[in-house]
Amino acid sequence: MAEKTFLTIDELITNIRFKNINIKNENNVRNILETNNYYFIMGYKFAFKNNYGTYKENTSFEDIYSLYIFDKALKLIVLDSILEIEQKLKTVYTNNYSFRYGFKVNDILNSNNYDSSNNYLNTTLLNLDKQLNDFGNKNKAVMFYRNNHSFIPLWVYMKILSFGMIRDMFYVSKPNDKDYMKNKLTSENINSSEVANMLRLLVRVRNICCHDDILLSFVDDKLGIKTTKYHKEFNLKKDRNNNIIQGKKDLLAVLISIKFFSTRKKFNALIDNLSKLINEYDKKIGSLNRKQLLSIMHLPEDFEILKKL
């Protein structure tokens with residue numbers, strides 16, 4: 001395998017053509033490559049390859065770039081809903097924990113305030129202590145409380161704790177705490193273990209959105225969410241044992257998870273924005289048609305009916 005080296009824009013353009021990818025307008029491509037990472041863009045080339053691993057006829061760099069731009073817009077739409085869920089979880093967790101156990105650092109790190117039977121408890125508290133120390137010295141609100149009040153309350157620490165950290169803290173909470181918070185987070189009939197599972201999926205997607213990874217073809221590498229009443233409304237792919245496999249660890253699973261924690265108004269706006277984005281790509285921008293795009297996204301063609309359910 002040839003050693004990878006830095007390529008200039010001229011060399012990148014030569015490389016694009018060498019791959020049998022068309023360039024419709026070289027000046028436009030040069031402008032794109034001035035401000036967009038070539039390797040990030042080419043991460044979307046998979047959608048334009050055939051079963052033999054070569055590019056489909058007449059594939060252009062602009063085709064690949066348009067899908068890259070589509071995914072950036074998709075991430076903004078999905079991230080908006082996830083950030084609201086993150087804030088909701090942090091607020092519910094803070095209110096419950098502060099009322100029951102206290103809100104100072106010794107209270108937060110006290111293992112007696114969590115489920116002692118949870119095998120992940122010690123690891124979670126070690127990670128929590130690390131985040132409090134690593135990020136606390138860099139946040140103005142935390143430093144203000146430290147300098148003026150000699151302690152930092154939990155509701156201020158929430159500014160520096162990650163979504164994943166709060167999800168883990170929820171996961172190792174005592175059963176009665178999890179049940180209480182679950183009822184504050186969602187009105188759906190779902191147990192606290194599945195709440196934690198869905199939150200884990202949303203944490204993963206939040207990180208994808210924030211670190212500019214690929215979302216549109218997302219499939220989680222861990223155990224997916226359980227089959228919900230919403231799955232049963234679609235004609236989804238199944239395995240040999242007739243078990244639903246679509247919508248368990250993909251973008252449909254993400255949408256279903258968001259629906260469990262969002263208001264109807266907020267969720268419907270998400271679906272409307274997603275539908276608009278797909279339709280605009282199909283009619284004006286992309287070389288993939290709607291059916292092809294939805295297949296890559298692991299979404300059923302009638303995914304919009306989630307609004308009505």
# chains A, B, ... in the order shown; residues from 1 in each chain; ligands from 1
>>> closest_atom_pairs(of="segment 63-108 of chain A", to="segment 23-35 of chain A", cutoff="12 Å", atoms="only C-alpha atoms", output="Markdown table")
| residue | atom | partner | partner_atom | distance |
| --- | --- | --- | --- | --- |
| A:Asp63 | CA | A:Ile23 | CA | 9.4 |
| A:Ile64 | CA | A:Ile23 | CA | 10.7 |
| A:Tyr65 | CA | A:Ile32 | CA | 8.7 |
| A:Ser66 | CA | A:Ile32 | CA | 11.1 |
| A:Tyr68 | CA | A:Ile32 | CA | 11.6 |
| A:Ile69 | CA | A:Ile32 | CA | 11.1 |
>>> select_by_dssp(residues="segment 110-303 of chain A", states="helix (DSSP H, G or I)", output="number ranges by chain")
A: 111-113, 121-136, 140-149, 154-157, 163-171, 175-185, 192-210, 231-233, 251-261, 264-285, 290-297, 303
>>> residues_around(residues="Ala196 of chain A", least_positions_apart="3", cutoff="7 Å", atoms="only C-alpha atoms", output="VMD selection string")
chain A and resid 167 171 192 to 193 199 to 200
>>> write_last_selection(atoms="C-alpha atoms", output="PDB file, in the first residue's frame")
ATOM      1  CA  ARG A 167     -26.649   9.257  31.238  1.00  0.00           C
ATOM      2  CA  TYR A 171     -27.896   4.347  34.809  1.00  0.00           C
ATOM      3  CA  SER A 192     -36.069   2.890  33.205  1.00  0.00           C
ATOM      4  CA  SER A 193     -33.605   0.389  31.710  1.00  0.00           C
ATOM      5  CA  LEU A 199     -30.233   7.806  26.091  1.00  0.00           C
ATOM      6  CA  ARG A 200     -27.037   5.881  25.311  1.00  0.00           C
TER       7      ARG A 200
END
>>> atom_distance(atom1="atom CA of Gln246 of chain A", atom2="atom CA of His298 of chain A")
7.1 Å
>>> closest_atom_pairs(of="segment 69-162 of chain A", to="segment 255-270 of chain A", cutoff="12 Å", atoms="only C-alpha atoms", output="CSV")
residue,atom,partner,partner_atom,distance
A:Leu74,CA,A:Leu270,CA,10.2
A:Lys75,CA,A:Leu270,CA,11.4
A:Leu76,CA,A:Leu270,CA,10.4
A:Ile77,CA,A:Leu270,CA,6.6
A:Val78,CA,A:Leu270,CA,7.2
A:Leu79,CA,A:Leu270,CA,10.0
A:Asp80,CA,A:Leu270,CA,8.6
A:Ser81,CA,A:Ile258,CA,7.2
A:Ile82,CA,A:Ile258,CA,7.1
A:Leu83,CA,A:Ile258,CA,10.6
A:Glu84,CA,A:Ser262,CA,8.2
A:Ile85,CA,A:Phe261,CA,6.5
A:Glu86,CA,A:Phe261,CA,9.9
A:Gln87,CA,A:Phe261,CA,11.3
A:Lys88,CA,A:Phe261,CA,8.8
A:Leu89,CA,A:Phe261,CA,9.4
>>> residues_around(residues="segment 119-126 of chain A", least_positions_apart="2", cutoff="7 Å", atoms="only C-alpha atoms", output="ChimeraX atom specification")
/A:109,116-117,128-130,168-169,172
>>> closest_residue(among="A:Val142, A:Leu277, A:Val203, A:Ile13", to="Ser162 of chain A", atoms="only C-alpha atoms")
A:Val203
>>> residues_around(residues="Ile278 of chain A", least_positions_apart="5", cutoff="9 Å", atoms="only C-alpha atoms", output="number ranges by chain")
A: 70, 273, 283, 290, 293-294
>>> closest_residue(among="A:Met42, A:Val254, A:Ile225, A:Leu309", to="Asn197 of chain A", atoms="only C-alpha atoms")
A:Ile225
>>> atom_distance(atom1="atom CA of Tyr145 of chain A", atom2="atom CA of Gln131 of chain A")
16.9 Å
>>> atom_distance(atom1="atom CA of Asn183 of chain A", atom2="atom CA of Val205 of chain A")
23.3 Å
>>> closest_residue(among="A:Ile160, A:Tyr39, A:Lys45, A:Asp272", to="Leu12 of chain A", atoms="only C-alpha atoms")
A:Tyr39
>>> closest_residue(among="A:Asp10, A:Glu62, A:Asp71, A:Asp107", to="Met297 of chain A", atoms="only C-alpha atoms")
A:Asp71
>>> residues_around(residues="Leu223 of chain A", least_positions_apart="4", cutoff="10 Å", atoms="only C-alpha atoms", output="VMD selection string")
chain A and resid 197 201 248 to 249
>>> write_last_selection(atoms="N, CA and C atoms", output="CSV table (one decimal), in the first residue's frame")
chain,number,residue,atom,x,y,z
A,197,ASN,N,-31.1,2.9,27.8
A,197,ASN,CA,-30.6,2.4,26.6
A,197,ASN,C,-30.8,3.4,25.4
A,201,LEU,N,-28.0,5.7,23.1
A,201,LEU,CA,-28.0,5.9,21.6
A,201,LEU,C,-28.0,7.4,21.3
A,248,LYS,N,-33.7,-0.4,15.0
A,248,LYS,CA,-33.2,-0.8,16.3
A,248,LYS,C,-31.9,-0.1,16.7
A,249,LYS,N,-31.1,0.2,15.7
A,249,LYS,CA,-29.8,0.8,16.0
A,249,LYS,C,-29.3,1.8,14.9
>>> closest_residue(among="A:Asn137, A:Ser60, A:Asn51, A:Asn127", to="Met165 of chain A", atoms="only C-alpha atoms")
A:Asn127
>>> residues_around(residues="Ile271 of chain A", least_positions_apart="5", cutoff="9 Å", atoms="only C-alpha atoms", output="list in words")
Leu255, Lys266, Lys276, Phe303, Glu304, Leu306 and Lys307 of chain A
